[in-house]
$ cat input.txt   # compact mmCIF, C-alpha atoms and all ligand atoms
# COMPACT_ATOMS: atom_id res chain seq x y z
CA MET X 91 156.08 147.30 129.23
CA LEU X 92 159.11 148.80 127.46
CA LEU X 93 162.00 149.76 129.75
CA SER X 94 164.69 151.95 128.27
CA GLY X 95 168.14 153.16 129.32
CA THR X 96 171.66 151.79 129.24
CA VAL X 97 170.93 148.08 129.31
CA VAL X 98 173.42 145.85 131.13
CA ALA X 99 172.00 142.58 129.82
CA ASP X 100 174.75 140.37 131.27
CA SER X 101 178.40 140.67 132.29
CA ALA X 102 179.54 140.95 128.65
CA THR X 103 176.68 142.88 127.03
CA VAL X 104 175.98 146.58 127.53
CA ILE X 105 173.63 148.38 125.14
CA ASP X 106 173.74 152.20 125.23
CA ASN X 107 170.31 153.63 124.40
CA GLY X 108 168.89 150.18 124.81
CA ALA X 109 165.54 148.77 125.79
CA VAL X 110 163.94 145.68 127.25
CA VAL X 111 160.40 144.67 126.30
CA VAL X 112 158.40 142.67 128.83
CA ASP X 113 155.36 140.61 127.96
CA GLY X 114 153.57 138.86 130.80
CA THR X 115 156.09 137.18 133.08
CA THR X 116 158.93 137.03 130.56
CA ILE X 117 161.25 139.20 128.49
CA GLU X 118 160.05 139.55 124.90
CA ALA X 119 162.96 141.47 123.39
CA VAL X 120 166.28 143.16 124.26
CA GLY X 121 167.98 145.58 121.88
CA GLU X 122 168.34 149.15 120.61
CA ARG X 123 165.73 151.52 122.00
CA GLU X 124 164.79 153.14 118.71
CA ALA X 125 164.12 149.85 116.94
CA LEU X 126 162.12 148.42 119.84
CA VAL X 127 160.00 151.57 120.25
CA ASP X 128 159.11 151.27 116.54
CA GLN X 129 158.34 147.58 116.93
CA TYR X 130 156.31 147.95 120.15
CA PRO X 131 154.75 151.44 119.86
CA ASP X 132 151.83 150.75 122.21
CA HIS X 133 153.73 149.29 125.17
CA GLU X 134 153.69 151.29 128.39
CA ARG X 135 157.12 152.93 128.69
CA ARG X 136 159.50 153.54 131.59
CA GLU X 137 162.87 155.22 131.35
CA TYR X 138 165.76 154.76 133.77
CA ASP X 139 169.49 155.49 133.47
CA ILE X 140 170.54 151.84 133.81
CA ILE X 141 168.47 148.70 133.28
CA ALA X 142 169.91 145.45 134.69
CA PRO X 143 168.88 141.96 135.74
CA GLY X 144 167.56 141.82 139.30
CA MET X 145 170.22 140.85 141.80
CA VAL X 146 170.17 137.43 143.49
CA GLY X 147 170.97 137.43 147.22
CA SER X 148 172.04 133.84 147.69
CA HIS X 149 172.27 133.76 151.48
CA ILE X 150 169.94 135.94 153.54
CA HIS X 151 168.26 135.77 156.95
CA SER X 152 165.17 137.93 156.53
CA VAL X 153 163.79 136.98 159.94
CA GLN X 154 166.87 138.41 161.68
CA SER X 155 165.99 141.90 160.45
CA LEU X 156 164.90 143.07 163.91
CA GLY X 157 168.47 142.39 165.11
CA ARG X 158 170.26 144.85 162.85
CA GLY X 159 173.01 146.36 165.02
CA ILE X 160 172.35 144.34 168.19
CA ALA X 161 175.65 142.46 168.30
CA ASP X 162 178.39 144.36 166.48
CA ASP X 163 182.06 143.55 167.08
CA THR X 164 181.42 140.05 168.44
CA GLU X 165 182.99 136.64 167.70
CA LEU X 166 180.81 134.39 165.51
CA LEU X 167 179.84 131.59 167.90
CA ASP X 168 179.23 134.11 170.76
CA TRP X 169 177.35 136.33 168.31
CA LEU X 170 175.17 133.35 167.38
CA PHE X 171 174.58 131.67 170.74
CA ASP X 172 174.49 134.80 172.99
CA HIS X 173 172.57 137.17 170.75
CA ILE X 174 170.99 135.84 167.56
CA LEU X 175 169.60 132.49 168.66
CA PRO X 176 168.05 133.94 171.86
CA MET X 177 166.35 136.59 169.72
CA GLU X 178 165.05 134.00 167.22
CA GLY X 179 163.91 131.75 170.07
CA SER X 180 161.81 134.46 171.67
CA MET X 181 160.18 135.92 168.57
CA SER X 182 156.42 135.64 168.19
CA ALA X 183 154.67 134.79 164.93
CA GLU X 184 153.79 138.48 164.47
CA GLU X 185 157.41 139.53 164.99
CA MET X 186 158.60 136.93 162.46
CA ARG X 187 156.10 138.24 159.92
CA THR X 188 157.22 141.83 160.43
CA ALA X 189 160.93 140.92 160.39
CA ALA X 190 160.61 138.88 157.19
CA THR X 191 158.52 141.58 155.50
CA LEU X 192 161.08 144.23 156.47
CA GLY X 193 163.86 142.06 155.04
CA TYR X 194 162.04 141.51 151.75
CA LEU X 195 161.22 145.22 151.50
CA GLU X 196 164.87 146.12 151.98
CA LEU X 197 165.84 143.62 149.28
CA VAL X 198 163.25 144.80 146.78
CA GLU X 199 163.99 148.48 147.48
CA SER X 200 167.71 147.95 146.85
CA GLY X 201 167.47 145.80 143.72
CA THR X 202 167.39 142.17 144.85
CA THR X 203 164.68 140.21 143.07
CA THR X 204 165.57 136.69 144.24
CA CYS X 205 166.85 135.52 147.59
CA ILE X 206 167.89 132.28 149.22
CA ASP X 207 166.48 132.76 152.68
CA HIS X 208 167.50 130.86 155.79
CA LEU X 209 164.55 131.27 158.17
CA SER X 210 164.26 130.21 161.82
CA VAL X 211 163.01 127.09 163.60
CA SER X 212 159.49 128.40 164.28
CA HIS X 213 156.84 130.43 162.49
CA ALA X 214 158.26 129.77 159.01
CA ASP X 215 154.76 130.15 157.53
CA GLN X 216 154.98 133.84 158.39
CA ALA X 217 158.01 134.35 156.15
CA PHE X 218 156.50 132.37 153.27
CA GLU X 219 153.35 134.50 153.46
CA ALA X 220 155.47 137.67 153.65
CA ALA X 221 157.43 136.66 150.53
CA GLY X 222 154.14 136.07 148.74
CA GLU X 223 152.81 139.44 149.86
CA VAL X 224 155.90 141.42 148.82
CA GLY X 225 156.25 139.43 145.58
CA ILE X 226 159.96 138.59 145.80
CA ARG X 227 161.30 135.39 144.25
CA ALA X 228 162.73 133.12 146.94
CA LEU X 229 164.20 129.74 147.70
CA MET X 230 163.59 129.40 151.41
CA GLY X 231 163.19 126.97 154.26
CA LYS X 232 162.57 126.47 157.92
CA VAL X 233 165.74 125.95 159.97
CA LEU X 234 166.47 122.50 161.44
CA MET X 235 168.16 122.32 164.88
CA ASP X 236 168.10 119.10 166.90
CA LYS X 237 171.45 119.10 168.70
CA GLU X 238 173.22 121.31 171.25
CA SER X 239 170.76 124.12 170.58
CA PRO X 240 169.23 126.66 172.99
CA GLU X 241 166.11 125.23 174.62
CA ALA X 242 163.72 127.51 172.78
CA LEU X 243 165.02 126.28 169.42
CA GLN X 244 165.92 122.64 170.11
CA GLU X 245 163.64 120.27 168.19
CA ASP X 246 162.93 116.59 168.04
CA THR X 247 164.48 115.27 164.80
CA ASP X 248 161.32 113.67 163.44
CA ASP X 249 159.20 116.71 164.31
CA ALA X 250 161.66 119.03 162.56
CA LEU X 251 161.60 116.94 159.39
CA ALA X 252 157.83 116.49 159.51
CA GLU X 253 157.32 120.24 159.83
CA SER X 254 159.65 120.76 156.87
CA GLU X 255 157.60 118.31 154.82
CA ARG X 256 154.38 120.10 155.73
CA LEU X 257 155.90 123.39 154.57
CA ILE X 258 157.11 121.77 151.31
CA GLN X 259 153.59 120.56 150.60
CA GLN X 260 152.13 123.96 151.41
CA TYR X 261 154.63 126.35 149.87
CA HIS X 262 156.98 124.68 147.35
CA GLY X 263 155.94 126.24 144.04
CA ALA X 264 153.55 128.69 145.71
CA PHE X 265 152.78 132.22 144.56
CA GLY X 266 153.04 131.40 140.86
CA ASP X 267 156.19 129.31 141.50
CA ARG X 268 158.05 132.38 142.74
CA VAL X 269 158.60 130.60 146.05
CA ARG X 270 160.36 127.26 146.29
CA TYR X 271 161.54 125.20 149.22
CA ALA X 272 165.03 124.43 150.49
CA VAL X 273 165.52 122.02 153.38
CA THR X 274 167.63 124.12 155.71
CA PRO X 275 169.73 122.60 158.51
CA ARG X 276 171.31 125.46 160.55
CA PHE X 277 174.79 123.91 160.39
CA ALA X 278 176.50 120.64 161.30
CA VAL X 279 177.20 121.82 164.86
CA THR X 280 173.49 121.94 165.78
CA CYS X 281 172.20 119.07 163.62
CA SER X 282 172.47 115.34 164.34
CA GLU X 283 173.52 112.84 161.70
CA ALA X 284 169.90 111.64 161.51
CA CYS X 285 168.75 115.20 160.88
CA LEU X 286 171.29 115.82 158.12
CA ARG X 287 170.57 112.49 156.41
CA GLY X 288 166.85 113.15 156.81
CA ALA X 289 167.28 116.53 155.07
CA ARG X 290 168.79 114.77 152.05
CA GLN X 291 166.05 112.17 151.99
CA LEU X 292 163.34 114.81 152.14
CA ALA X 293 164.87 116.88 149.33
CA ASP X 294 165.06 113.77 147.15
CA GLU X 295 161.37 113.06 147.62
CA TYR X 296 160.17 116.34 146.11
CA ASP X 297 161.08 117.57 142.65
CA GLY X 298 162.92 120.89 142.74
CA VAL X 299 163.36 121.04 146.53
CA ARG X 300 166.95 122.01 147.33
CA ILE X 301 169.19 122.02 150.40
CA HIS X 302 170.75 125.10 151.97
CA THR X 303 173.02 125.25 155.02
CA HIS X 304 176.02 127.04 156.50
CA ALA X 305 179.43 125.40 156.13
CA SER X 306 182.97 126.07 157.28
CA GLU X 307 182.43 129.71 158.15
CA ASN X 308 184.58 129.75 161.24
CA LEU X 309 187.54 127.88 162.76
CA GLY X 310 185.65 127.09 165.98
CA GLU X 311 182.83 125.56 163.94
CA ILE X 312 185.07 123.23 161.92
CA ALA X 313 186.95 122.19 165.08
CA ALA X 314 183.62 121.27 166.73
CA VAL X 315 182.53 119.21 163.70
CA GLU X 316 185.90 117.46 163.53
CA LYS X 317 185.71 116.63 167.25
CA ASP X 318 182.23 115.12 166.82
CA THR X 319 182.74 113.27 163.55
CA GLY X 320 186.49 112.91 163.03
CA MET X 321 186.06 114.54 159.64
CA ARG X 322 186.57 117.92 158.00
CA ASN X 323 183.24 119.70 157.70
CA VAL X 324 182.74 119.39 153.91
CA HIS X 325 183.74 115.70 154.03
CA TRP X 326 181.17 115.21 156.78
CA LEU X 327 178.47 116.99 154.78
CA ASP X 328 179.39 114.86 151.75
CA GLU X 329 179.21 111.71 153.89
CA VAL X 330 175.64 112.48 155.00
CA GLY X 331 174.47 113.54 151.52
CA LEU X 332 174.65 117.31 151.80
CA THR X 333 176.67 117.99 148.66
CA GLY X 334 175.47 118.00 145.06
CA GLU X 335 173.96 120.16 142.35
CA ASP X 336 170.92 120.86 144.52
CA VAL X 337 172.96 122.01 147.54
CA VAL X 338 173.92 125.59 148.38
CA LEU X 339 176.55 125.99 151.11
CA ALA X 340 176.95 129.45 152.63
CA HIS X 341 180.48 130.72 153.38
CA CYS X 342 183.00 127.85 152.83
CA VAL X 343 185.74 130.13 154.17
CA HIS X 344 187.93 127.40 155.69
CA THR X 345 188.27 124.44 153.33
CA ASP X 346 191.33 122.39 152.42
CA ALA X 347 192.20 121.17 148.92
CA SER X 348 190.46 117.81 149.38
CA GLU X 349 187.22 119.53 150.44
CA ARG X 350 187.38 121.85 147.45
CA GLU X 351 187.74 118.81 145.22
CA VAL X 352 184.53 117.41 146.70
CA LEU X 353 182.70 120.70 146.10
CA ALA X 354 183.85 120.75 142.46
CA GLU X 355 183.19 117.07 141.75
CA THR X 356 179.68 117.14 143.23
CA GLY X 357 178.62 120.44 141.62
CA THR X 358 177.83 121.94 145.02
CA HIS X 359 177.12 125.69 144.96
CA VAL X 360 178.93 128.08 147.30
CA THR X 361 177.57 131.43 148.51
CA HIS X 362 180.27 133.94 149.34
CA CYS X 363 179.29 136.53 151.99
CA PRO X 364 182.21 138.97 152.07
CA SER X 365 180.73 141.65 154.36
CA SER X 366 179.66 139.11 156.96
CA ASN X 367 183.01 137.29 156.77
CA MET X 368 184.84 140.58 157.31
CA LYS X 369 182.57 141.85 160.09
CA LEU X 370 182.72 138.59 162.05
CA ALA X 371 186.44 138.24 161.17
CA SER X 372 185.72 134.75 159.88
CA GLY X 373 188.41 134.94 157.21
CA ILE X 374 188.65 135.28 153.44
CA ALA X 375 186.96 132.61 151.35
CA PRO X 376 189.16 131.20 148.55
CA VAL X 377 186.77 132.48 145.88
CA LEU X 378 189.31 132.62 143.05
CA ASP X 379 190.35 129.02 143.66
CA TYR X 380 186.69 127.94 143.71
CA LEU X 381 186.03 129.71 140.42
CA ASP X 382 189.20 128.20 138.88
CA ARG X 383 187.93 124.77 139.86
CA GLY X 384 184.61 125.44 138.13
CA ILE X 385 182.63 125.73 141.36
CA ASN X 386 179.58 128.00 141.04
CA VAL X 387 180.08 130.88 143.51
CA ALA X 388 177.14 133.18 144.25
CA LEU X 389 176.93 136.20 146.57
CA GLY X 390 174.94 136.81 149.74
CA ASN X 391 174.55 139.52 152.36
CA ASP X 392 173.93 137.05 155.21
CA GLY X 393 171.72 138.58 157.95
CA PRO X 394 171.14 142.18 159.01
CA PRO X 395 172.86 141.55 162.40
CA CYS X 396 176.17 140.57 160.75
CA ASN X 397 176.40 142.90 157.79
CA ASN X 398 174.32 145.25 158.60
CA THR X 399 172.78 145.92 155.22
CA LEU X 400 171.17 143.80 152.52
CA ASP X 401 172.45 146.06 149.71
CA PRO X 402 173.53 143.78 146.83
CA PHE X 403 175.67 146.44 145.16
CA THR X 404 177.78 146.95 148.29
CA GLU X 405 178.23 143.17 148.41
CA MET X 406 179.59 143.02 144.84
CA ARG X 407 182.03 145.79 145.70
CA GLN X 408 183.17 144.04 148.89
CA ALA X 409 183.61 140.73 147.05
CA SER X 410 185.88 142.31 144.49
CA LEU X 411 187.91 144.43 146.93
CA LEU X 412 188.42 141.57 149.38
CA GLN X 413 189.99 139.29 146.76
CA LYS X 414 192.15 142.14 145.43
CA VAL X 415 193.61 142.85 148.85
CA ASP X 416 193.98 139.15 149.68
CA GLU X 417 195.91 138.51 146.47
CA LEU X 418 197.67 141.90 146.46
CA ASN X 419 196.47 141.99 142.87
CA PRO X 420 194.17 144.74 141.55
CA THR X 421 193.08 142.55 138.62
CA ALA X 422 191.64 139.87 140.93
CA LEU X 423 187.85 139.37 140.80
CA PRO X 424 187.01 142.11 138.27
CA ALA X 425 183.62 143.83 138.00
CA ALA X 426 182.30 141.34 135.43
CA THR X 427 182.94 138.40 137.74
CA ALA X 428 181.34 140.11 140.74
CA PHE X 429 178.32 140.92 138.56
CA GLU X 430 178.00 137.28 137.45
CA MET X 431 178.18 136.11 141.08
CA SER X 432 175.33 138.46 141.99
CA THR X 433 173.14 137.55 138.99
CA ILE X 434 173.52 134.40 136.87
CA ASN X 435 175.54 132.42 139.43
CA GLY X 436 172.94 133.20 142.10
CA ALA X 437 170.14 132.13 139.78
CA LYS X 438 171.90 128.79 139.19
CA ALA X 439 172.41 128.30 142.93
CA ALA X 440 168.75 129.05 143.65
CA GLY X 441 167.72 126.65 140.87
CA PHE X 442 165.41 128.98 138.95
CA GLU X 443 165.56 128.42 135.22
CA ASN X 444 166.05 131.22 132.67
CA LEU X 445 166.98 133.75 135.32
CA GLY X 446 169.88 136.14 135.93
CA GLU X 447 170.39 137.73 132.51
CA LEU X 448 168.21 139.90 130.28
CA LYS X 449 167.40 137.67 127.31
CA PRO X 450 164.28 137.01 125.23
CA GLY X 451 162.26 134.21 126.81
CA TRP X 452 163.92 134.63 130.22
CA LYS X 453 162.11 135.66 133.39
CA ALA X 454 161.26 139.36 133.63
CA ASP X 455 163.16 140.06 136.87
CA ILE X 456 164.56 143.50 136.17
CA VAL X 457 165.82 146.59 138.01
CA GLY X 458 166.01 150.23 136.90
CA LEU X 459 168.54 152.62 138.46
CA ARG X 460 169.02 156.36 138.54
CA THR X 461 172.40 158.03 138.20
CA ASP X 462 171.33 161.65 138.72
CA THR X 463 173.49 162.19 141.81
CA SER X 464 176.96 163.64 142.26
CA ARG X 465 178.23 160.24 143.44
CA ALA X 466 176.97 158.61 140.27
CA THR X 467 178.46 161.19 137.88
CA PRO X 468 180.02 160.47 135.45
CA VAL X 469 179.23 156.93 134.31
CA HIS X 470 182.00 155.80 131.96
CA ASP X 471 181.20 152.11 132.16
CA ALA X 472 177.79 150.95 133.37
CA LEU X 473 179.01 147.55 134.56
CA SER X 474 181.85 149.06 136.59
CA HIS X 475 179.40 151.62 137.94
CA LEU X 476 177.03 148.91 139.19
CA VAL X 477 179.81 147.05 141.02
CA PHE X 478 181.96 149.86 142.40
CA ALA X 479 179.81 153.00 142.72
CA THR X 480 176.15 152.04 142.99
CA HIS X 481 174.22 151.97 146.26
CA GLY X 482 170.92 150.17 146.71
CA ASP X 483 169.25 153.57 147.12
CA ASP X 484 169.93 154.24 143.44
CA VAL X 485 167.36 151.57 142.54
CA ALA X 486 164.08 153.17 141.50
CA PHE X 487 162.32 150.26 139.84
CA THR X 488 162.10 146.56 140.61
CA MET X 489 160.16 143.95 138.67
CA VAL X 490 159.71 140.23 139.39
CA ASP X 491 157.98 137.94 136.91
CA GLY X 492 156.80 141.01 135.00
CA GLU X 493 155.11 142.46 138.09
CA VAL X 494 156.24 145.88 139.32
CA LEU X 495 157.23 145.69 143.02
CA LEU X 496 159.01 149.05 143.31
CA ASP X 497 157.80 151.93 141.18
CA ASP X 498 159.79 155.17 141.13
CA GLY X 499 161.16 154.27 144.56
CA ASP X 500 157.82 153.36 146.13
CA VAL X 501 156.95 149.80 147.17
CA VAL X 502 153.78 148.60 145.48
CA GLY X 503 151.06 146.77 147.43
CA VAL X 504 152.64 146.88 150.91
CA ASP X 505 152.50 149.76 153.39
CA ALA X 506 156.26 149.97 153.91
CA GLU X 507 156.02 152.84 156.39
CA SER X 508 153.81 150.92 158.79
CA VAL X 509 156.03 147.81 158.47
CA ARG X 510 159.02 149.93 159.46
CA ALA X 511 157.16 151.49 162.40
CA GLN X 512 156.06 148.06 163.64
CA ALA X 513 159.57 146.66 163.21
CA GLN X 514 161.09 149.47 165.25
CA GLU X 515 158.56 148.88 168.02
CA TYR X 516 159.26 145.12 168.13
CA ALA X 517 163.02 145.62 167.83
CA ASP X 518 163.26 147.85 170.89
CA GLN X 519 163.12 144.81 173.17
CA TYR X 520 166.24 143.28 171.59
CA SER X 521 168.54 146.31 171.89
ZN ZN X 601 173.96 132.90 157.59
$ encode --input "input.txt" --output "structure tokens"
Amino acid sequence: MLLSGTVVADSATVIDNGAVVVDGTTIEAVGEREALVDQYPDHERREYDIIAPGMVGSHIHSVQSLGRGIADDTELLDWLFDHILPMEGSMSAEEMRTAATLGYLELVESGTTTCIDHLSVSHADQAFEAAGEVGIRALMGKVLMDKESPEALQEDTDDALAESERLIQQYHGAFGDRVRYAVTPRFAVTCSEACLRGARQLADEYDGVRIHTHASENLGEIAAVEKDTGMRNVHWLDEVGLTGEDVVLAHCVHTDASEREVLAETGTHVTHCPSSNMKLASGIAPVLDYLDRGINVALGNDGPPCNNTLDPFTEMRQASLLQKVDELNPTALPAATAFEMSTINGAKAAGFENLGELKPGWKADIVGLRTDTSRATPVHDALSHLVFATHGDDVAFTMVDGEVLLDDGDVVGVDAESVRAQAQEYADQYS
């Protein structure tokens, strides 16, 4: 296939009248449209206004999709223990399947081609199958909770780790290696030391399996961890093995200088979730300091109940604006940096090779956008447009591994309308 338009190949490369040629699962060529049309005259052609790498949502909770809007304007730990965990604990396998499918559809429809997905304690198979059905690329894992958790979610430590291992054996590398496994403790508050150490051990036993958890999102959370362990949260995670180049920590809003040193020295990845941090009033993550220290910072929407959208373009905008206002500096976190966080940095965090930029030989995960609306007129600078003016609804085309998942705005291979109808029916009980 030959995709043409203004090609934003990476944060530093924009080709007006450009094109991207896809062959199989990878990108064959990127360059000027005219030359590539001459070189590949028989390729099927698609034309969009902007062609870009697919976005990487590096912290998502697809299975919370039925809870969009159920707990607005609520403090984080109350939000979690009074609303979200009870919902997760009561969901059936069918509800999990529908919620995960809805989440992946929203992602694909709005331009996210890869996600790092934090599932729930039970029915994780449903989300893996849903990811396979929709075709999204995902690093994902069943949640571990073996301490101070609601009864419906509380697990025996060995059972939780054994179930994780079963899922690794079944799904790590599944669906043409689009789906990979991350061992996923909920957070240090609801996981015992044995559970956290067991997560590290399990990840070490399987090539390419990573670790994903929440860390230092909220002051109440870090106080609880300090009370239990006598240590700051990141030091505790480091102590039990949950730092390193295969670890992705969501949030990291409240860290001191010594914790940031640990993150940098160990090569731990951080996912910034600006909308969620603002909505739950968690605070402002020190993103600029992390980037200065060489820490890889990706971007995530977090879950539908704390955002309440999985739009990756809104998230780039929020990330940039939040740092500008925090620093009282309009040059802070410019469009190019936000774009890198949402593409190449996310790909590095998720651990997929040759992903996050449009380059020959790299994975064909590509989005096409329309700009034929008043809001999108004029486009002076395509990169700025993607970060500050684009909405997910502008995405008309989404491709993962060379396979078209969204074609002229329509999801391919899944009956999106019936998924939405089923989701609304299931969700009514949680309102
Ligand atoms: Zn989260």
$ residues_near_ligand --input "input.txt" --ligand "ligand ZN 601 (chain X)" --cutoff "8 Å" --atoms "all atoms listed in the file" --output "PyMOL selection string"
chain X and resi 149-151+208+304+340+392-393
$ closest_residue --input "input.txt" --among "X:Gly231, X:Gly95, X:Gly144, X:Gly451" --to "Glu124 in chain X" --atoms "all atoms listed in the file"
X:Gly95
$ residues_near_point --input "input.txt" --point "(160.5, 146.5, 143.1)" --cutoff "8 Å" --atoms "only C-alpha atoms" --output "PyMOL selection string"
chain X and resi 198-199+201+203+457+486-490+494-497+499-502
$ residues_around --input "input.txt" --residues "Ile105 in chain X" --least-positions-apart "3" --cutoff "12 Å" --atoms "all atoms listed in the file" --output "list in words"
Ser94, Gly95, Thr96, Val97, Val98, Ala99, Asp100, Ser101, Ala102, Gly108, Ala109, Val110, Val120, Gly121, Glu122, Arg123, Glu124, Asp139, Ile140, Ile141, Ala142, Leu448, Asp471, Ala472 and Leu473 of chain X
$ closest_residue --input "input.txt" --among "X:Arg383, X:Gly446, X:Gln260, X:Tyr138" --to "Asp462 in chain X" --atoms "all atoms listed in the file"
X:Tyr138
$ closest_residue --input "input.txt" --among "X:Ala347, X:Ala388, X:Ile258, X:Leu378" --to "Gly441 in chain X" --atoms "only C-alpha atoms"
X:Ala388
$ closest_residue --input "input.txt" --among "X:Gln519, X:Thr399, X:Thr433, X:Asp455" --to "Gly159 in chain X" --atoms "all atoms listed in the file"
X:Thr399
$ closest_residue --input "input.txt" --among "X:Asp267, X:Gly390, X:Leu332, X:Ala221" --to "Gly436 in chain X" --atoms "all atoms listed in the file"
X:Gly390
$ closest_residue --input "input.txt" --among "X:Ala278, X:Val112, X:Ala272, X:Val211" --to "Ala440 in chain X" --atoms "only C-alpha atoms"
X:Ala272
$ decode --input "input.txt" --residues "range 92-133 of chain X" --atoms "C-alpha atoms" --output "short mmCIF file (atom, residue, chain, number, x, y, z; two decimals), in the first residue's frame"
data_model
loop_
_atom_site.label_atom_id
_atom_site.label_comp_id
_atom_site.auth_asym_id
_atom_site.auth_seq_id
_atom_site.Cartn_x
_atom_site.Cartn_y
_atom_site.Cartn_z
CA LEU X 92 1.17 3.56 -0.72
CA LEU X 93 -0.08 6.19 1.74
CA SER X 94 0.33 9.80 0.73
CA GLY X 95 -0.07 13.20 2.41
CA THR X 96 2.04 15.41 4.63
CA VAL X 97 4.23 12.80 6.27
CA VAL X 98 5.30 13.45 9.87
CA ALA X 99 7.90 10.68 9.97
CA ASP X 100 9.29 11.61 13.40
CA SER X 101 9.58 14.69 15.62
CA ALA X 102 12.21 16.26 13.33
CA THR X 103 11.09 15.12 9.87
CA VAL X 104 8.05 16.45 8.01
CA ILE X 105 7.71 15.76 4.28
CA ASP X 106 5.13 17.88 2.42
CA ASN X 107 3.62 15.89 -0.47
CA GLY X 108 5.19 12.81 1.00
CA ALA X 109 4.39 9.12 0.94
CA VAL X 110 4.95 5.95 2.90
CA VAL X 111 5.12 2.58 1.16
CA VAL X 112 4.10 -0.49 3.14
CA ASP X 113 5.08 -4.02 2.22
CA GLY X 114 3.76 -6.82 4.41
CA THR X 115 4.16 -5.90 8.07
CA THR X 116 6.87 -3.29 7.57
CA ILE X 117 7.57 0.07 5.96
CA GLU X 118 9.36 -0.28 2.63
CA ALA X 119 10.03 3.38 1.83
CA VAL X 120 9.40 6.94 3.07
CA GLY X 121 9.93 9.97 0.84
CA GLU X 122 8.52 12.33 -1.78
CA ARG X 123 5.17 11.25 -3.16
CA GLU X 124 5.99 11.76 -6.82
CA ALA X 125 9.15 9.66 -6.71
CA LEU X 126 7.52 6.85 -4.74
CA VAL X 127 4.45 6.72 -7.02
CA ASP X 128 6.85 6.30 -9.96
CA GLN X 129 8.80 3.62 -8.11
CA TYR X 130 5.74 1.71 -6.86
CA PRO X 131 3.10 2.32 -9.57
CA ASP X 132 1.04 -0.79 -8.80
CA HIS X 133 0.65 -0.37 -5.04
#
